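structure24.cif (mmCIF, C-alpha atoms and all ligand atoms)
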```cif
data_final
#
loop_
_atom_site.label_atom_id
_atom_site.label_comp_id
_atom_site.auth_asym_id
_atom_site.auth_seq_id
_atom_site.Cartn_x
_atom_site.Cartn_y
_atom_site.Cartn_z
CA MET A 133 -28.55 46.08 -81.80
CA ALA A 134 -26.68 44.22 -79.12
CA VAL A 135 -26.49 40.50 -79.39
CA VAL A 136 -24.79 38.56 -76.65
CA PRO A 137 -23.49 35.19 -77.80
CA VAL A 138 -25.11 32.32 -76.01
CA GLY A 139 -22.72 29.59 -74.95
CA GLU A 140 -23.73 26.03 -75.64
CA VAL A 141 -23.76 25.32 -71.94
CA LEU A 142 -26.34 28.02 -71.33
CA LEU A 143 -28.89 26.15 -73.32
CA ARG A 144 -29.16 23.50 -70.65
CA ARG A 145 -31.69 24.09 -68.00
CA ARG A 146 -31.55 24.72 -64.34
CA GLU A 147 -34.29 23.87 -61.91
CA TYR A 148 -32.71 24.27 -58.55
CA ASP A 149 -30.36 26.56 -56.80
CA GLU A 150 -26.95 25.90 -58.23
CA SER A 151 -25.38 29.08 -57.09
CA ASP A 152 -23.00 26.96 -55.03
CA VAL A 153 -21.86 24.85 -57.93
CA ARG A 154 -18.28 25.78 -58.64
CA VAL A 155 -17.45 26.67 -62.18
CA ARG A 156 -14.27 24.99 -63.36
CA PRO A 157 -13.35 26.50 -66.66
CA GLY A 158 -12.06 24.12 -69.27
CA ARG A 159 -12.99 20.91 -67.51
CA GLY A 160 -16.35 20.26 -69.05
CA SER A 161 -17.80 19.20 -65.71
CA ARG A 162 -20.97 21.23 -65.80
CA PRO A 163 -23.78 20.39 -63.43
CA ARG A 164 -26.37 18.18 -65.05
CA THR A 165 -30.02 18.88 -64.61
CA LYS A 166 -33.14 17.20 -65.84
CA ASP A 167 -34.85 18.75 -68.81
CA ARG A 168 -38.11 20.40 -68.07
CA PRO A 169 -40.78 19.96 -70.70
CA ALA A 170 -43.05 22.77 -69.49
CA HIS A 171 -42.77 26.26 -70.99
CA ARG A 172 -41.21 25.19 -74.24
CA ASP A 173 -42.65 28.41 -75.59
CA ALA A 174 -40.64 30.56 -73.18
CA VAL A 175 -38.66 33.31 -74.88
CA GLU A 176 -34.98 33.70 -74.10
CA GLY A 177 -33.99 36.78 -72.16
CA MET A 178 -31.13 38.19 -70.14
CA VAL A 179 -31.48 39.76 -66.72
CA VAL A 180 -30.19 43.35 -66.72
CA SER A 181 -31.35 44.57 -63.32
CA VAL A 182 -32.65 43.29 -60.02
CA ASP A 183 -34.80 45.30 -57.70
CA ARG A 184 -36.60 43.71 -54.76
CA GLY A 185 -38.47 40.85 -56.32
CA ARG A 186 -38.62 42.36 -59.81
CA TRP A 187 -36.16 41.68 -62.57
CA GLY A 188 -35.41 43.78 -65.63
CA VAL A 189 -35.12 41.44 -68.61
CA VAL A 190 -34.21 42.12 -72.22
CA LEU A 191 -35.33 39.75 -74.94
CA GLU A 192 -32.74 38.14 -77.16
CA GLY A 193 -30.02 40.56 -76.14
CA ASP A 194 -31.88 43.58 -77.50
CA PRO A 195 -31.75 46.56 -75.09
CA ASP A 196 -34.86 47.99 -76.74
CA ARG A 197 -36.95 44.95 -75.86
CA ARG A 198 -36.91 45.44 -72.13
CA MET A 199 -39.55 44.34 -69.68
CA THR A 200 -40.13 43.78 -66.00
CA ALA A 201 -40.58 40.24 -64.78
CA MET A 202 -41.46 38.33 -61.65
CA ARG A 203 -40.16 34.91 -60.67
CA ALA A 204 -42.55 32.03 -61.31
CA ARG A 205 -43.64 30.29 -58.14
CA GLU A 206 -42.18 26.97 -59.23
CA LEU A 207 -38.70 28.47 -59.14
CA GLY A 208 -39.02 28.93 -55.40
CA ARG A 209 -36.22 31.10 -54.12
CA THR A 210 -33.84 30.31 -56.95
CA PRO A 211 -31.46 33.26 -57.06
CA ILE A 212 -31.71 35.21 -60.30
CA VAL A 213 -28.96 37.74 -60.89
CA VAL A 214 -27.82 40.20 -63.53
CA GLY A 215 -26.46 38.34 -66.53
CA ASP A 216 -28.63 35.29 -65.96
CA ARG A 217 -30.14 33.74 -69.06
CA VAL A 218 -33.78 33.18 -68.38
CA GLY A 219 -36.88 31.91 -70.12
CA VAL A 220 -39.82 34.31 -69.86
CA VAL A 221 -43.53 33.85 -70.58
CA GLY A 222 -46.65 35.98 -70.27
CA ASP A 223 -46.91 39.60 -71.28
CA LEU A 224 -43.63 40.34 -73.04
CA SER A 225 -44.71 43.69 -74.43
CA GLY A 226 -42.73 45.70 -71.88
CA ARG A 227 -45.56 48.23 -71.69
CA PRO A 228 -46.02 50.11 -68.40
CA ASP A 229 -47.69 48.08 -65.66
CA THR A 230 -47.16 44.76 -67.41
CA LEU A 231 -45.27 41.93 -65.84
CA ALA A 232 -43.66 38.94 -67.51
CA ARG A 233 -42.81 35.74 -65.63
CA ILE A 234 -39.42 34.08 -65.41
CA VAL A 235 -40.01 30.34 -65.63
CA ARG A 236 -36.50 29.09 -66.13
CA VAL A 237 -32.91 29.99 -65.32
CA GLU A 238 -30.22 28.50 -67.52
CA ASP A 239 -26.97 27.08 -66.23
CA ARG A 240 -24.37 29.76 -65.70
CA SER A 241 -21.17 29.68 -67.70
CA THR A 242 -19.36 31.95 -65.22
CA VAL A 243 -20.04 33.42 -61.79
CA LEU A 244 -18.56 36.43 -60.06
CA ARG A 245 -19.27 36.16 -56.34
CA ARG A 246 -18.93 38.37 -53.38
CA THR A 247 -18.70 37.35 -49.76
CA ALA A 248 -20.69 38.53 -46.87
CA ASP A 249 -19.76 41.92 -45.49
CA ASP A 250 -21.18 44.17 -42.84
CA THR A 251 -23.93 45.51 -45.08
CA ASP A 252 -25.04 42.12 -46.34
CA PRO A 253 -24.59 38.87 -44.42
CA PHE A 254 -25.05 36.58 -47.44
CA GLU A 255 -22.62 35.43 -50.04
CA ARG A 256 -24.03 36.16 -53.46
CA VAL A 257 -23.39 35.79 -57.11
CA VAL A 258 -23.01 39.37 -58.31
CA VAL A 259 -22.95 38.73 -62.04
CA ALA A 260 -23.66 35.58 -64.00
CA ASN A 261 -22.29 34.70 -67.43
CA ALA A 262 -19.90 37.62 -67.75
CA GLU A 263 -17.14 36.61 -70.14
CA GLN A 264 -14.68 39.10 -68.74
CA LEU A 265 -13.92 41.08 -65.63
CA LEU A 266 -12.48 44.56 -66.01
CA ILE A 267 -10.76 45.45 -62.74
CA VAL A 268 -10.57 49.23 -62.59
CA VAL A 269 -7.62 50.47 -60.55
CA ALA A 270 -6.42 54.03 -59.99
CA LEU A 271 -2.66 54.56 -60.17
CA ALA A 272 -3.01 57.27 -57.52
CA ASP A 273 -5.67 58.93 -55.40
CA PRO A 274 -6.44 56.36 -54.01
CA PRO A 275 -3.07 54.59 -54.36
CA PRO A 276 -3.33 51.11 -55.93
CA ARG A 277 -3.18 48.02 -53.76
CA THR A 278 -1.88 44.87 -55.35
CA GLY A 279 -3.59 42.71 -52.71
CA LEU A 280 -6.97 43.98 -53.80
CA VAL A 281 -6.24 43.27 -57.43
CA GLU A 282 -4.91 39.80 -56.60
CA ARG A 283 -8.16 38.91 -54.88
CA ALA A 284 -10.18 40.18 -57.81
CA LEU A 285 -8.02 38.09 -60.14
CA VAL A 286 -8.58 34.99 -58.01
CA ALA A 287 -12.33 35.57 -58.10
CA ALA A 288 -12.21 35.98 -61.88
CA TYR A 289 -10.12 32.88 -62.56
CA ALA A 290 -12.14 30.73 -60.18
CA GLY A 291 -15.41 32.00 -61.60
CA GLY A 292 -14.41 31.40 -65.21
CA LEU A 293 -14.09 35.08 -66.23
CA GLU A 294 -11.16 36.42 -68.24
CA PRO A 295 -9.70 39.26 -66.20
CA MET A 296 -8.14 42.47 -67.43
CA LEU A 297 -6.83 45.51 -65.64
CA GLY A 298 -8.05 48.98 -66.50
CA LEU A 299 -5.77 51.62 -65.03
CA THR A 300 -7.02 55.14 -64.39
CA LYS A 301 -5.28 58.38 -63.40
CA SER A 302 -2.10 57.68 -65.34
CA ASP A 303 -1.84 61.47 -65.49
CA LEU A 304 -1.01 61.33 -61.77
CA ALA A 305 1.37 58.35 -61.61
CA ASP A 306 3.42 56.14 -63.90
CA PRO A 307 1.68 52.82 -64.69
CA GLU A 308 4.85 50.77 -65.31
CA GLU A 309 5.67 49.70 -61.78
CA PHE A 310 2.15 48.64 -60.92
CA ALA A 311 1.55 46.85 -64.21
CA ALA A 312 4.80 44.90 -63.79
CA HIS A 313 3.31 43.01 -60.84
CA PHE A 314 0.92 41.25 -63.18
CA ALA A 315 3.03 40.87 -66.30
CA ASP A 316 3.68 37.15 -65.88
CA LEU A 317 -0.04 36.36 -65.67
CA ASP A 318 -0.56 37.76 -69.16
CA VAL A 319 -3.44 39.83 -67.91
CA PRO A 320 -4.21 42.54 -70.45
CA VAL A 321 -3.48 45.97 -68.99
CA LEU A 322 -5.20 48.97 -70.52
CA LEU A 323 -5.15 52.66 -69.70
CA VAL A 324 -8.77 53.69 -69.26
CA GLY A 325 -8.52 57.02 -67.41
CA GLN A 326 -10.27 60.27 -68.17
CA GLY A 327 -7.92 61.37 -70.94
CA ASP A 328 -7.13 57.95 -72.38
CA ASP A 329 -8.19 56.73 -75.78
CA LEU A 330 -10.61 53.83 -75.29
CA THR A 331 -10.14 52.14 -78.67
CA ALA A 332 -8.21 49.19 -77.22
CA LEU A 333 -10.83 48.72 -74.53
CA HIS A 334 -13.64 48.81 -77.06
CA GLU A 335 -11.89 46.11 -79.05
CA ARG A 336 -12.11 43.86 -76.03
CA ILE A 337 -15.57 44.67 -74.72
CA ASP A 338 -17.76 45.48 -77.71
CA GLY A 339 -20.18 42.67 -78.41
CA ARG A 340 -19.39 40.90 -75.15
CA LEU A 341 -20.62 40.79 -71.56
CA THR A 342 -18.06 42.40 -69.26
CA ALA A 343 -18.31 42.97 -65.52
CA LEU A 344 -16.63 46.07 -64.08
CA ILE A 345 -15.40 46.30 -60.54
CA GLY A 346 -13.40 48.92 -58.77
CA HIS A 347 -12.92 50.49 -55.40
CA SER A 348 -14.77 53.72 -54.69
CA GLY A 349 -13.07 56.76 -56.17
CA VAL A 350 -11.00 54.99 -58.83
CA GLY A 351 -12.98 56.59 -61.65
CA LYS A 352 -15.24 53.71 -62.58
CA SER A 353 -18.31 55.91 -62.94
CA THR A 354 -16.34 58.30 -65.12
CA LEU A 355 -15.39 55.36 -67.32
CA VAL A 356 -18.89 53.87 -67.44
CA ASN A 357 -20.29 57.25 -68.47
CA ARG A 358 -17.83 57.41 -71.34
CA LEU A 359 -18.67 53.86 -72.47
CA VAL A 360 -22.43 54.24 -72.10
CA PRO A 361 -23.18 57.90 -72.72
CA ASP A 362 -26.69 57.64 -71.32
CA ALA A 363 -25.72 55.37 -68.43
CA ASP A 364 -27.46 57.48 -65.81
CA ARG A 365 -30.62 57.52 -67.84
CA ALA A 366 -30.36 53.80 -68.54
CA THR A 367 -29.98 53.11 -64.85
CA GLY A 368 -32.99 55.29 -64.14
CA GLU A 369 -35.06 53.46 -66.71
CA VAL A 370 -34.20 50.12 -65.24
CA SER A 371 -35.24 51.25 -61.81
CA GLY A 372 -38.40 52.84 -63.15
CA VAL A 373 -39.84 49.50 -64.13
CA GLY A 374 -39.23 47.89 -60.75
CA LYS A 375 -41.08 48.09 -57.50
CA GLY A 376 -39.01 50.92 -56.13
CA ARG A 377 -36.01 53.11 -56.56
CA HIS A 378 -32.77 51.77 -57.91
CA THR A 379 -30.45 51.00 -55.05
CA SER A 380 -26.85 51.84 -55.76
CA THR A 381 -25.66 48.54 -54.30
CA GLN A 382 -27.16 46.46 -57.10
CA SER A 383 -25.38 45.44 -60.26
CA VAL A 384 -26.87 46.67 -63.47
CA ALA A 385 -26.16 45.71 -67.07
CA LEU A 386 -25.78 48.68 -69.42
CA PRO A 387 -25.87 48.30 -73.18
CA LEU A 388 -22.83 49.46 -75.12
CA PRO A 389 -23.77 51.57 -78.15
CA GLU A 390 -21.55 49.28 -80.24
CA GLY A 391 -23.24 46.12 -78.95
CA GLY A 392 -22.55 44.03 -75.89
CA TRP A 393 -22.95 44.97 -72.23
CA VAL A 394 -21.01 46.23 -69.28
CA VAL A 395 -22.21 45.28 -65.83
CA ASP A 396 -21.52 47.96 -63.28
CA THR A 397 -21.12 46.48 -59.82
CA PRO A 398 -21.30 49.24 -57.24
CA GLY A 399 -20.27 48.69 -53.67
CA ILE A 400 -18.45 45.39 -54.01
CA ARG A 401 -15.90 45.32 -51.29
CA SER A 402 -14.94 41.69 -51.02
CA PHE A 403 -14.96 38.38 -52.88
CA GLY A 404 -15.96 34.94 -51.72
CA LEU A 405 -12.47 33.57 -51.73
CA ALA A 406 -13.12 31.42 -48.69
CA HIS A 407 -14.91 28.94 -50.92
CA ILE A 408 -12.25 28.79 -53.59
CA GLU A 409 -9.70 25.95 -53.74
CA PRO A 410 -6.20 26.56 -55.13
CA ASP A 411 -6.89 24.20 -58.03
CA ASP A 412 -9.90 26.30 -59.08
CA VAL A 413 -7.44 29.10 -59.83
CA VAL A 414 -4.81 26.83 -61.38
CA ALA A 415 -7.46 25.39 -63.71
CA ALA A 416 -7.60 28.72 -65.54
CA PHE A 417 -4.05 28.12 -66.86
CA ALA A 418 -3.78 25.08 -69.13
CA ASP A 419 -0.03 24.55 -68.71
CA LEU A 420 -0.20 24.84 -64.94
CA ALA A 421 -3.27 22.63 -64.65
CA GLU A 422 -1.31 19.95 -66.44
CA ALA A 423 1.78 20.46 -64.29
CA VAL A 424 -0.03 20.10 -60.97
CA GLU A 425 -1.10 16.60 -61.87
CA ASP A 426 2.42 15.71 -60.69
CA CYS A 427 1.94 17.44 -57.32
CA PRO A 428 1.50 15.35 -54.19
CA ARG A 429 -2.09 14.91 -53.09
CA GLY A 430 -3.33 17.95 -51.17
CA CYS A 431 -0.59 20.22 -52.52
CA THR A 432 -1.59 23.86 -52.15
CA HIS A 433 1.14 24.94 -54.62
CA LEU A 434 2.55 27.52 -52.23
CA GLY A 435 6.01 25.96 -52.45
CA PRO A 436 8.44 25.24 -49.63
CA PRO A 437 8.06 24.99 -46.73
CA ALA A 438 4.31 24.27 -47.02
CA ASP A 439 4.59 22.29 -50.26
CA PRO A 440 8.20 21.15 -50.74
CA GLU A 441 7.37 18.89 -53.69
CA CYS A 442 5.13 21.23 -55.67
CA ALA A 443 5.43 20.67 -59.41
CA PHE A 444 5.43 24.44 -59.95
CA ASP A 445 9.06 24.45 -58.82
CA ALA A 446 10.09 22.00 -61.54
CA LEU A 447 8.78 24.25 -64.33
CA GLU A 448 11.06 26.40 -66.44
CA GLY A 449 10.97 29.60 -68.43
CA LYS A 450 7.68 31.29 -69.10
CA SER A 451 5.62 28.59 -67.38
CA HIS A 452 7.76 28.93 -64.27
CA ARG A 453 7.31 32.68 -64.19
CA ARG A 454 3.58 32.27 -64.63
CA ALA A 455 3.49 29.61 -61.91
CA MET A 456 5.24 31.98 -59.52
CA ALA A 457 2.73 34.72 -60.36
CA VAL A 458 -0.13 32.30 -59.75
CA ARG A 459 1.56 31.29 -56.50
CA ASP A 460 1.34 34.94 -55.41
CA LEU A 461 -2.38 34.81 -56.09
CA LEU A 462 -2.69 31.58 -54.11
CA ALA A 463 -0.85 33.22 -51.22
CA ALA A 464 -3.39 36.06 -51.32
CA LEU A 465 -6.12 33.43 -51.34
CA ALA A 466 -4.57 31.56 -48.41
CA SER A 467 -4.15 34.71 -46.34
CA ASN A 468 -7.84 35.44 -46.85
CA ASP A 469 -7.63 39.06 -45.77
CA PRO A 470 -10.54 41.12 -46.94
CA TRP A 471 -9.60 43.89 -49.37
N1 LIG B 501 -6.67 62.76 -62.45
C1 LIG B 501 -7.63 61.91 -62.83
N2 LIG B 501 -8.82 61.92 -62.18
C2 LIG B 501 -9.78 61.05 -62.56
C3 LIG B 501 -9.57 60.14 -63.63
N3 LIG B 501 -10.70 59.40 -63.76
C4 LIG B 501 -11.56 59.83 -62.83
N4 LIG B 501 -11.00 60.86 -62.11
C5 LIG B 501 -11.61 61.58 -60.99
O1 LIG B 501 -11.67 60.75 -59.86
C6 LIG B 501 -12.80 61.05 -59.06
C7 LIG B 501 -13.62 59.79 -58.81
O2 LIG B 501 -14.17 59.36 -60.05
P1 LIG B 501 -15.53 58.55 -60.13
O3 LIG B 501 -15.75 58.20 -61.54
O4 LIG B 501 -16.62 59.23 -59.40
O5 LIG B 501 -15.07 57.29 -59.29
P2 LIG B 501 -15.86 55.97 -58.90
O6 LIG B 501 -14.87 54.87 -58.98
O7 LIG B 501 -17.09 55.81 -59.68
O8 LIG B 501 -16.14 56.24 -57.42
P3 LIG B 501 -17.52 56.14 -56.64
O9 LIG B 501 -18.48 57.03 -57.37
O10 LIG B 501 -17.16 56.62 -55.26
O11 LIG B 501 -17.88 54.68 -56.69
C8 LIG B 501 -13.59 62.11 -59.82
O12 LIG B 501 -13.25 63.36 -59.26
C9 LIG B 501 -13.04 62.00 -61.23
O13 LIG B 501 -13.11 63.21 -61.93
C10 LIG B 501 -8.30 60.17 -64.31
O14 LIG B 501 -8.02 59.39 -65.24
N5 LIG B 501 -7.37 61.05 -63.86
ZN ZN B 502 1.70 21.93 -56.19
#
```

Output the structure of this file as structure tokens.
Amino acid sequence: MAVVPVGEVLLRRREYDESDVRVRPGRGSRPRTKDRPAHRDAVEGMVVSVDRGRWGVVLEGDPDRRMTAMRARELGRTPIVVGDRVGVVGDLSGRPDTLARIVRVEDRSTVLRRTADDTDPFERVVVANAEQLLIVVALADPPPRTGLVERALVAAYAGGLEPMLGLTKSDLADPEEFAAHFADLDVPVLLVGQGDDLTALHERIDGRLTALIGHSGVGKSTLVNRLVPDADRATGEVSGVGKGRHTSTQSVALPLPEGGWVVDTPGIRSFGLAHIEPDDVVAAFADLAEAVEDCPRGCTHLGPPADPECAFDALEGKSHRRAMAVRDLLAALASNDPW
């Protein structure tokens, strides 16, 4: 039975659209909302799928207690996304043709966003409350692009997710050179290709909520099918309870047999970096967050010539190396090229 730990912050309630509230990990500055006395009897659930006005919800983290729900009218157009912690009332039996009602959406502890692209003009939260982001990258076929990974890392740090890199196709190319780019960030790097042993990955994802992203063709589906042996069936089941067919552009949470969830995020091609400030990224690193308190006001931490007095440049040793690696991420953020 999968049980997803519920962060203290998630127990507070949300009554309006806070999808624009920026999550600053480690600062304790969560948005405050008024407590809502109604629906005290609502049962806690997690959203595992979204399909045109219907949400797949599991009760208390148990994949076997799955139901379809609608959004209560009083929530208006409050976005509800995969990973959201919700309160549900009504028919919770999950039997065919029954519909529960989502009456509450809890504050999110993390948000992974995507920007607008040509298929979807709106910026959206793709996954809420994921503790980690597994960035799946092929070492060849297609060749890896550090820029793409840097942007994913920025989105993870700014959204409060712990990132890790999962490299595939190490049978086609040596991982060392690519992995070296990210060594100073202390991002865990795991081999997760077709022939790789997944024990180390399981140690990190079992019992937790992990979002997976990856460019088309990197082998993400191959990996998901190894992690969740009945993933295709699970996806089908989720769609079966909704209004229509599952659309492959929606995120879906899949239960790991060992407990915990992976959220597959098909079709994500860009991240909402335009709305991220350099300090949102820096905040993910305690030593660097402290250092930048000595930076001049408005410092973007890019170093000379833009920021000649950046405190990053006064650091030494490991912190300096990490600062320079973070500076590379901030440069990717500043350039704001799409993937
Ligand atoms: N050589 C090699 N091929 C792999 C590995 N992992 C996956 N592949 C192959 O790469 C191709 C793409 O894999 P998929 O799992 O479909 O990739 P995906 O990232 O889900 O791509 P989309 O389905 O397009 O989103 C398939 O032909 C896989 O068999 C690997 O570790 N090594
Ligand atoms: Zn600075």

_Around ligand LIG 501 (chain B), which protein and nucleic acid residues have at least one atom no more than 8 Å from it, if we count only C-alpha atoms and all ligand atoms? List them as a ChimeraX atom specification._
/A:268,270,273,300-304,324-328,346-356,398-399

*With a distance cut-off of 7 Å and only C-alpha atoms, select the neighbouring residues of A:Pro295, excluding the residue or stretch itself and same-chain residues fewer than 4 positions from it, and output the selection as a PyMOL selection string.*
chain A and resi 264-266+285+288+319

*So how far away is atom CA of A:Lys450 from atom CA of A:Glu309, in Å?*
19.9 Å

Which residues of chain A have any atom within 12 Å of an atom in ligand ZN 502 (chain B) when counting only C-alpha atoms and all ligand atoms, and what is the closest pair of atoms for each, with the distance in Å to one decimal? Order the rows by chain and rising number and write it as a Markdown table.
```
| residue | atom | partner | partner_atom | distance |
| --- | --- | --- | --- | --- |
| A:Pro410 | CA | B:ZN502 | ZN | 9.2 |
| A:Asp411 | CA | B:ZN502 | ZN | 9.1 |
| A:Val414 | CA | B:ZN502 | ZN | 9.7 |
| A:Leu420 | CA | B:ZN502 | ZN | 9.4 |
| A:Ala421 | CA | B:ZN502 | ZN | 9.8 |
| A:Glu422 | CA | B:ZN502 | ZN | 10.9 |
| A:Ala423 | CA | B:ZN502 | ZN | 8.2 |
| A:Val424 | CA | B:ZN502 | ZN | 5.4 |
| A:Glu425 | CA | B:ZN502 | ZN | 8.3 |
| A:Asp426 | CA | B:ZN502 | ZN | 7.7 |
| A:Cys427 | CA | B:ZN502 | ZN | 4.6 |
| A:Pro428 | CA | B:ZN502 | ZN | 6.9 |
| A:Arg429 | CA | B:ZN502 | ZN | 8.6 |
| A:Gly430 | CA | B:ZN502 | ZN | 8.1 |
| A:Cys431 | CA | B:ZN502 | ZN | 4.7 |
| A:Thr432 | CA | B:ZN502 | ZN | 5.6 |
| A:His433 | CA | B:ZN502 | ZN | 3.4 |
| A:Leu434 | CA | B:ZN502 | ZN | 6.9 |
| A:Gly435 | CA | B:ZN502 | ZN | 7.0 |
| A:Pro436 | CA | B:ZN502 | ZN | 10.0 |
| A:Pro437 | CA | B:ZN502 | ZN | 11.8 |
| A:Ala438 | CA | B:ZN502 | ZN | 9.8 |
| A:Asp439 | CA | B:ZN502 | ZN | 6.6 |
| A:Pro440 | CA | B:ZN502 | ZN | 8.5 |
| A:Glu441 | CA | B:ZN502 | ZN | 6.9 |
| A:Cys442 | CA | B:ZN502 | ZN | 3.5 |
| A:Ala443 | CA | B:ZN502 | ZN | 5.1 |
| A:Phe444 | CA | B:ZN502 | ZN | 5.9 |
| A:Asp445 | CA | B:ZN502 | ZN | 8.2 |
| A:Ala446 | CA | B:ZN502 | ZN | 10.0 |
| A:Leu447 | CA | B:ZN502 | ZN | 11.0 |
| A:Ala455 | CA | B:ZN502 | ZN | 9.7 |
| A:Met456 | CA | B:ZN502 | ZN | 11.2 |
| A:Val458 | CA | B:ZN502 | ZN | 11.1 |
| A:Arg459 | CA | B:ZN502 | ZN | 9.4 |
| A:Leu462 | CA | B:ZN502 | ZN | 10.8 |
```

*Could you name the residues that touch A:Arg197 at 12 Å or less, counting only C-alpha atoms, but leaving out those on the same chain fewer than 2 positions away, as a PyMOL selection string?*
chain A and resi 133-135+175-180+188-195+199-200+224-227+387

Create the file for the chosen residues now, containing C-alpha atoms and written as a compact mmCIF listing (two decimals), in the coordinates of the input.
```txt
# COMPACT_ATOMS: atom_id res chain seq x y z
CA MET A 133 -28.55 46.08 -81.80
CA ALA A 134 -26.68 44.22 -79.12
CA VAL A 135 -26.49 40.50 -79.39
CA VAL A 175 -38.66 33.31 -74.88
CA GLU A 176 -34.98 33.70 -74.10
CA GLY A 177 -33.99 36.78 -72.16
CA MET A 178 -31.13 38.19 -70.14
CA VAL A 179 -31.48 39.76 -66.72
CA VAL A 180 -30.19 43.35 -66.72
CA GLY A 188 -35.41 43.78 -65.63
CA VAL A 189 -35.12 41.44 -68.61
CA VAL A 190 -34.21 42.12 -72.22
CA LEU A 191 -35.33 39.75 -74.94
CA GLU A 192 -32.74 38.14 -77.16
CA GLY A 193 -30.02 40.56 -76.14
CA ASP A 194 -31.88 43.58 -77.50
CA PRO A 195 -31.75 46.56 -75.09
CA MET A 199 -39.55 44.34 -69.68
CA THR A 200 -40.13 43.78 -66.00
CA LEU A 224 -43.63 40.34 -73.04
CA SER A 225 -44.71 43.69 -74.43
CA GLY A 226 -42.73 45.70 -71.88
CA ARG A 227 -45.56 48.23 -71.69
CA PRO A 387 -25.87 48.30 -73.18
```

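Of the listed residues (A:Val360, A:Val413, A:Val214, A:Met202), A:Val413 comes nearest to A:Leu293; the distances count only C-alpha atoms.
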
*Rank A:Val257, A:Leu231, A:Ala332, A:Ala464 by their smallest atom-to-atom distance to A:Ile212, using all atoms listed in the file, and report the top residue only.*
A:Val257

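Here atom CA of A:Arg205 and atom CA of A:Ala262 stand 26.6 Å from one another.
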
*Quick one: distance from atom CA of A:Gly392 to atom CA of A:Asp338 in Å, one decimal?*
5.3 Å

Edge lengths and centre in Å, axis-aligned, stretch 256-271 of chain A plus 3 Å each side, as lines of an AutoDock Vina configuration file:
```
center_x = -13.3
center_y = 44.6
center_z = -61.8
size_x = 27.4
size_y = 25.9
size_z = 22.7
```

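With distances taken over all atoms listed in the file, A:His313 is the one residue among A:Arg277, A:Arg340, A:His313, A:Arg246 lying closest to A:Arg454.
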
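Contact shell of A:Val235 at 10 Å (all atoms listed in the file; same-chain neighbours under 2 positions omitted): Glu147, Ala170, His171, Ala174, Val175, Ala201, Met202, Arg203, Ala204, Arg205, Glu206, Leu207, Val218, Gly219, Val220, Val221, Gly222, Ala232, Arg233 and Val237 of chain A.
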
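Using all atoms listed in the file, the nearest neighbour of A:Val384 within the list A:Arg236, A:Met296, A:Glu335, A:Ile345 is A:Ile345.
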
*Residue with smallest distance to A:Asp183 - pool A:Gln382, A:Leu244, A:Asp318, A:Asp396, counting all atoms listed in the file*: A:Gln382
